[in-house]
Structures are given as structure tokens and as C-alpha cells.
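Visitor: This is the content of run26.csv (CSV, C-alpha atoms):
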chain,number,residue,atom,x,y,z
W,1,MET,CA,98.3,102.8,120.5
W,2,SER,CA,101.7,101.0,120.5
W,3,ARG,CA,103.8,100.7,117.5
W,4,ARG,CA,104.5,97.1,116.4
W,5,LYS,CA,108.3,96.4,116.3
W,6,LYS,CA,109.6,95.5,112.9
W,7,THR,CA,111.1,92.0,113.0
W,8,PHE,CA,113.0,89.9,110.6
W,9,THR,CA,109.8,88.1,109.8
W,10,ASN,CA,108.2,91.4,108.8
W,11,TYR,CA,111.2,92.1,106.5
W,12,GLU,CA,110.9,88.6,104.9
W,13,ILE,CA,107.2,89.2,104.2
W,14,ASN,CA,107.9,92.7,102.7
W,15,LYS,CA,110.8,91.3,100.6
W,16,ASN,CA,108.6,88.5,99.1
W,17,ILE,CA,105.8,90.9,98.3
W,18,ALA,CA,108.4,93.2,96.6
W,19,LYS,CA,109.7,90.3,94.6
W,20,ILE,CA,106.2,89.2,93.5
W,21,LEU,CA,105.4,92.8,92.6
W,22,VAL,CA,108.5,92.9,90.4
W,23,LEU,CA,107.6,89.4,89.0
W,24,HIS,CA,104.1,90.6,88.0
W,25,ARG,CA,105.2,93.9,86.6
W,26,VAL,CA,108.1,92.7,84.5
W,27,TRP,CA,106.4,89.5,83.4
W,28,ASN,CA,103.5,91.5,82.1
W,29,GLY,CA,105.8,94.1,80.4
W,30,LEU,CA,104.8,97.0,82.6
W,31,ASN,CA,107.0,99.8,83.8
W,32,GLN,CA,106.9,101.4,87.3
W,33,SER,CA,105.1,104.4,85.9
W,34,ARG,CA,102.2,102.3,84.7
W,35,ILE,CA,101.8,100.6,88.0
W,36,ALA,CA,102.1,104.0,89.7
W,37,SER,CA,99.3,105.5,87.6
W,38,ASP,CA,97.1,102.5,88.4
W,39,LEU,CA,97.6,103.2,92.1
W,40,ARG,CA,97.6,107.0,91.8
W,41,VAL,CA,101.1,107.3,93.4
W,42,SER,CA,104.4,108.4,92.0
W,43,PHE,CA,106.7,106.0,90.2
W,44,GLN,CA,109.2,106.8,93.0
W,45,GLN,CA,106.8,105.2,95.4
W,46,ILE,CA,106.8,102.0,93.3
W,47,GLN,CA,110.6,102.1,93.4
W,48,LYS,CA,110.5,102.3,97.2
W,49,TYR,CA,108.1,99.3,97.3
W,50,GLU,CA,110.4,97.3,95.1
W,51,LYS,CA,113.5,98.2,97.1
W,52,CYS,CA,111.9,97.4,100.4
W,53,MET,CA,112.1,101.0,101.6
W,54,ASN,CA,108.3,101.2,102.0
W,55,ARG,CA,105.7,98.6,102.5
W,56,ILE,CA,102.8,98.5,100.1
W,57,SER,CA,99.5,98.8,101.9
W,58,ALA,CA,96.9,96.1,101.8
W,59,GLU,CA,94.6,98.6,100.1
W,60,ASN,CA,97.1,99.3,97.3
W,61,LEU,CA,97.9,95.6,96.9
W,62,ILE,CA,94.2,94.7,96.6
W,63,ASP,CA,93.7,97.6,94.2
W,64,ILE,CA,96.5,96.7,91.8
W,65,CYS,CA,95.4,93.1,91.8
W,66,LYS,CA,91.9,94.0,90.9
W,67,LYS,CA,92.9,96.4,88.2
W,68,ARG,CA,95.4,94.1,86.7
W,69,LYS,CA,93.5,90.9,87.3
W,70,TRP,CA,96.4,89.4,89.3
W,71,ASP,CA,95.9,86.6,91.8
W,72,ILE,CA,96.4,88.2,95.2
W,73,THR,CA,97.0,84.9,96.8
W,74,LEU,CA,100.4,84.8,95.0
W,75,PHE,CA,101.5,87.7,97.2
W,76,MET,CA,101.2,85.5,100.2
W,77,SER,CA,103.8,83.1,98.9
W,78,ASP,CA,107.2,82.8,100.6
W,79,ARG,CA,108.7,81.3,97.5
W,80,PRO,CA,108.5,83.8,94.5
W,81,ASP,CA,111.1,81.6,92.7
W,82,THR,CA,108.6,78.7,92.5
W,83,ILE,CA,106.0,81.1,91.0
W,84,LEU,CA,108.5,82.1,88.3
W,85,ASP,CA,109.3,78.5,87.6
W,86,GLU,CA,105.7,77.6,87.3
W,87,TRP,CA,104.9,80.5,85.0
W,88,ARG,CA,107.9,79.6,82.8
W,89,SER,CA,106.6,76.1,82.4
W,90,ASN,CA,102.9,77.0,82.0
W,91,TYR,CA,103.3,80.0,79.6
W,92,PRO,CA,106.0,79.0,77.2
W,93,SER,CA,104.9,81.7,74.7
W,94,LEU,CA,105.6,84.4,77.2
W,95,ASN,CA,108.8,82.7,78.2
W,96,GLN,CA,110.2,83.3,74.7
W,97,ASN,CA,111.7,86.5,75.9
W,98,PRO,CA,114.7,85.5,78.1
W,99,LEU,CA,115.5,89.1,78.8
W,100,ARG,CA,112.2,89.4,80.7
W,101,VAL,CA,113.2,86.5,83.0
W,102,HIS,CA,116.8,87.8,83.3
W,103,LYS,CA,115.4,91.2,84.4
W,104,ILE,CA,113.2,89.6,87.1
W,105,ILE,CA,116.2,87.6,88.5
W,106,LYS,CA,118.4,90.7,88.4
W,107,LYS,CA,115.9,92.8,90.3
W,108,TRP,CA,115.4,90.0,92.8
W,109,LYS,CA,119.2,89.8,93.4
W,110,GLU,CA,119.1,93.6,94.0
W,111,ILE,CA,116.3,93.2,96.5
W,112,ASP,CA,118.3,90.5,98.3
W,113,ARG,CA,121.4,92.6,98.3
W,114,VAL,CA,120.0,96.0,99.5
W,115,GLY,CA,116.5,95.3,100.7
W,116,GLU,CA,117.4,94.4,104.3
W,117,ASP,CA,119.5,97.5,104.7
W,118,ASN,CA,116.9,99.7,103.0
W,119,TYR,CA,114.1,98.3,105.1
W,120,TYR,CA,115.8,98.7,108.5
W,121,TYR,CA,117.7,101.9,107.7
W,122,ASP,CA,114.5,103.6,106.6
W,123,HIS,CA,112.9,102.6,109.8
W,124,ARG,CA,115.7,103.9,112.0
W,125,PHE,CA,117.2,100.6,113.2
W,126,LYS,CA,120.9,99.9,113.5
W,127,LYS,CA,122.7,96.7,112.7
W,128,GLU,CA,125.6,95.8,114.9
W,129,ASN,CA,127.3,92.4,114.8
W,130,ASN,CA,124.5,91.0,112.5
W,131,GLU,CA,121.8,91.9,115.1
W,132,TRP,CA,119.3,94.7,114.7
W,133,ASN,CA,119.0,97.1,117.6
W,134,TYR,CA,115.9,99.1,118.2
Could I get this file's structure written as C-alpha cells?

Guide:
Amino acid sequence: MSRRKKTFTNYEINKNIAKILVLHRVWNGLNQSRIASDLRVSFQQIQKYEKCMNRISAENLIDICKKRKWDITLFMSDRPDTILDEWRSNYPSLNQNPLRVHKIIKKWKEIDRVGEDNYYYDHRFKKENNEWNY
């Protein structure tokens, strides 16, 4: 069985899933430990999902969406920012807490800043001259 090479597209998908996981978790006032107990993994594993160090499996994604009654189709979006904007306009009562939105945006910026390096470093790739070598 051959291993599929990790491409930039794979990273973008992983990054968007991580951002939407953060969006759901923070918007609903949940901490990483709570999500971890739902999935029966450690909170460190949730940290790794959210920092793009590990990819969340399809089984875990389906499991958490069922347990939390989250719409799994949102995880297929390539624009998490539009989801946040839609939620802010559709749920003004939950939008009363600006710290919640600020925390989501702060986490997303962290994912953008370190996610690519975490994803490729953890998978033994090297970046030279803005190109990834396998």
C-alpha cells in the first residue's frame, strides 16, 4: 500500500477543519477537555487537531458532530470566516459576548501563523525557498 503524499491542498483542508472545530468549540463555550472526553481522547490530542499537528479522523469528526448535534457539512467549507459571519448575524443573542468572537479570531490567526509549519514539520517535510521537499 502506498502512502499518499501530503500536498498543500491537504494542508488547506486540514486547516479549515481545525478552524471550524475551534469555531464550534468556542462558540458553544466548550473547552478542549470537554471535546476530548466526548471523543475519548486526551485534551492534548484536541490541541494537536487545532494546531494542525494531527488530522482529525473522519470517524472522530462524525462522532463529535453526532454527540454535539453539529452540522457536519460545515466542516467541508473552505471559508470558515463566512460561517462565523453568518452565525453572528443569525444568532445575535450568542453574539453578545465579543470575547467569544475575539477568541475564535485569535485562534484562527494562530492556526494561520503556525499551522503550516506544524503540519509539515510533524510529517517530516522540509521547507526550502518556500517549497516543500519530500

Visitor: Would you list the residues near (107.3, 81.9, 83.4), meaning any protein, DNA or RNA residue with an atom at most 12 Å from that point in file coordinates, counting all atoms listed in the file, as an MDAnalysis selection string?

Guide: chainID W and resid 23:24 26:28 80:102 104:105

Visitor: In Å, how far is it from CA of Trp70 (chain W) to CA of Val22 (chain W)?

Guide: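 Interatomic distance here is 12.6 Å.
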
Visitor: Give me the residues within 8 Å of Ala18 (chain W) as a list of chain:residue names, counting all atoms listed in the file and dropping any in the same chain fewer than 3 places off.

Guide: W:Asn14, W:Lys15, W:Leu21, W:Val22, W:Tyr49, W:Glu50, W:Lys51, W:Cys52, W:Ile111

Visitor: Store the residues picked out above, limited to C-alpha atoms, as a short mmCIF file (atom, residue, chain, number, x, y, z; two decimals), in the coordinates of the input.

Guide:
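The resulting file, again31.cif, is reproduced below:
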data_model
loop_
_atom_site.label_atom_id
_atom_site.label_comp_id
_atom_site.auth_asym_id
_atom_site.auth_seq_id
_atom_site.Cartn_x
_atom_site.Cartn_y
_atom_site.Cartn_z
CA ASN W 14 107.90 92.70 102.70
CA LYS W 15 110.80 91.30 100.60
CA LEU W 21 105.40 92.80 92.60
CA VAL W 22 108.50 92.90 90.40
CA TYR W 49 108.10 99.30 97.30
CA GLU W 50 110.40 97.30 95.10
CA LYS W 51 113.50 98.20 97.10
CA CYS W 52 111.90 97.40 100.40
CA ILE W 111 116.30 93.20 96.50
#

Visitor: State, in Å with one decimal place, the distance from CA of Met53 (chain W) to CA of Ile17 (chain W).

Guide: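 These two atoms are separated by 12.4 Å.
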
Visitor: Can you tell me, as a list in words, what residues are no more than 12 Å from Glu12 (chain W) when counting all atoms listed in the file, ignoring any on the same chain fewer than 4 positions away?

Guide: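 Close residues of Glu12 (chain W): Lys6, Thr7, Phe8, Asn16, Ile17, Ala18, Lys19, Cys52, Arg55, Met76, Ser77, Asp78, Arg79, Pro80, Ile111, Asp112, Gly115, Glu116, Tyr119 and Tyr120 of chain W.
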
Visitor: Suppose you want the space between CA of Lys67 (chain W) and CA of Val114 (chain W); what is it in Å?

Guide: 29.4 Å

Visitor: For Asn54 (chain W), which of W:Arg113, W:Leu74, W:Asn118, W:Ile13 is the closest residue, counting all atoms listed in the file?

Guide: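 Smallest distance to Asn54 (chain W) is found for W:Asn118.
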
Visitor: Which polymer residues have any atom within 10 Å of an atom of Asp38 (chain W), counting all atoms listed in the file, with same-chain residues fewer than 4 positions away left out, as a list in words?

Guide: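 Counting all atoms listed in the file, the residues come to Gln32, Ser33, Arg34, Asn60, Asp63, Ile64, Lys67 and Arg68 of chain W.
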
Visitor: Hey, could you patch up region 40-53 of chain W with N, CA and C atoms and hand it over as an mmCIF file, in the frame of the given file?

Guide:
data_model
loop_
_atom_site.group_PDB
_atom_site.id
_atom_site.type_symbol
_atom_site.label_atom_id
_atom_site.label_comp_id
_atom_site.auth_asym_id
_atom_site.auth_seq_id
_atom_site.Cartn_x
_atom_site.Cartn_y
_atom_site.Cartn_z
ATOM 1 N N ARG W 40 97.650 105.542 91.556
ATOM 2 C CA ARG W 40 97.600 107.000 91.800
ATOM 3 C C ARG W 40 98.693 107.412 92.806
ATOM 4 N N VAL W 41 99.903 106.868 92.602
ATOM 5 C CA VAL W 41 101.100 107.300 93.400
ATOM 6 C C VAL W 41 102.189 107.586 92.381
ATOM 7 N N SER W 42 103.306 108.112 92.863
ATOM 8 C CA SER W 42 104.400 108.400 92.000
ATOM 9 C C SER W 42 105.198 107.142 91.650
ATOM 10 N N PHE W 43 105.923 107.149 90.538
ATOM 11 C CA PHE W 43 106.700 106.000 90.200
ATOM 12 C C PHE W 43 107.831 105.788 91.244
ATOM 13 N N GLN W 44 108.241 106.884 91.922
ATOM 14 C CA GLN W 44 109.200 106.800 93.000
ATOM 15 C C GLN W 44 108.706 105.906 94.132
ATOM 16 N N GLN W 45 107.400 106.002 94.366
ATOM 17 C CA GLN W 45 106.800 105.200 95.400
ATOM 18 C C GLN W 45 106.880 103.704 95.043
ATOM 19 N N ILE W 46 106.664 103.390 93.786
ATOM 20 C CA ILE W 46 106.800 102.000 93.300
ATOM 21 C C ILE W 46 108.230 101.534 93.479
ATOM 22 N N GLN W 47 109.184 102.414 93.168
ATOM 23 C CA GLN W 47 110.600 102.100 93.400
ATOM 24 C C GLN W 47 110.852 101.743 94.840
ATOM 25 N N LYS W 48 110.275 102.514 95.731
ATOM 26 C CA LYS W 48 110.500 102.300 97.200
ATOM 27 C C LYS W 48 109.840 100.946 97.588
ATOM 28 N N TYR W 49 108.683 100.603 97.019
ATOM 29 C CA TYR W 49 108.100 99.300 97.300
ATOM 30 C C TYR W 49 109.033 98.188 96.856
ATOM 31 N N GLU W 50 109.573 98.336 95.652
ATOM 32 C CA GLU W 50 110.400 97.300 95.100
ATOM 33 C C GLU W 50 111.801 97.209 95.685
ATOM 34 N N LYS W 51 112.212 98.250 96.381
ATOM 35 C CA LYS W 51 113.500 98.200 97.100
ATOM 36 C C LYS W 51 113.380 97.998 98.557
ATOM 37 N N CYS W 52 112.178 97.681 99.003
ATOM 38 C CA CYS W 52 111.900 97.400 100.400
ATOM 39 C C CYS W 52 112.092 98.612 101.307
ATOM 40 N N MET W 53 112.020 99.796 100.765
ATOM 41 C CA MET W 53 112.100 101.000 101.600
ATOM 42 C C MET W 53 110.777 101.308 102.235
#
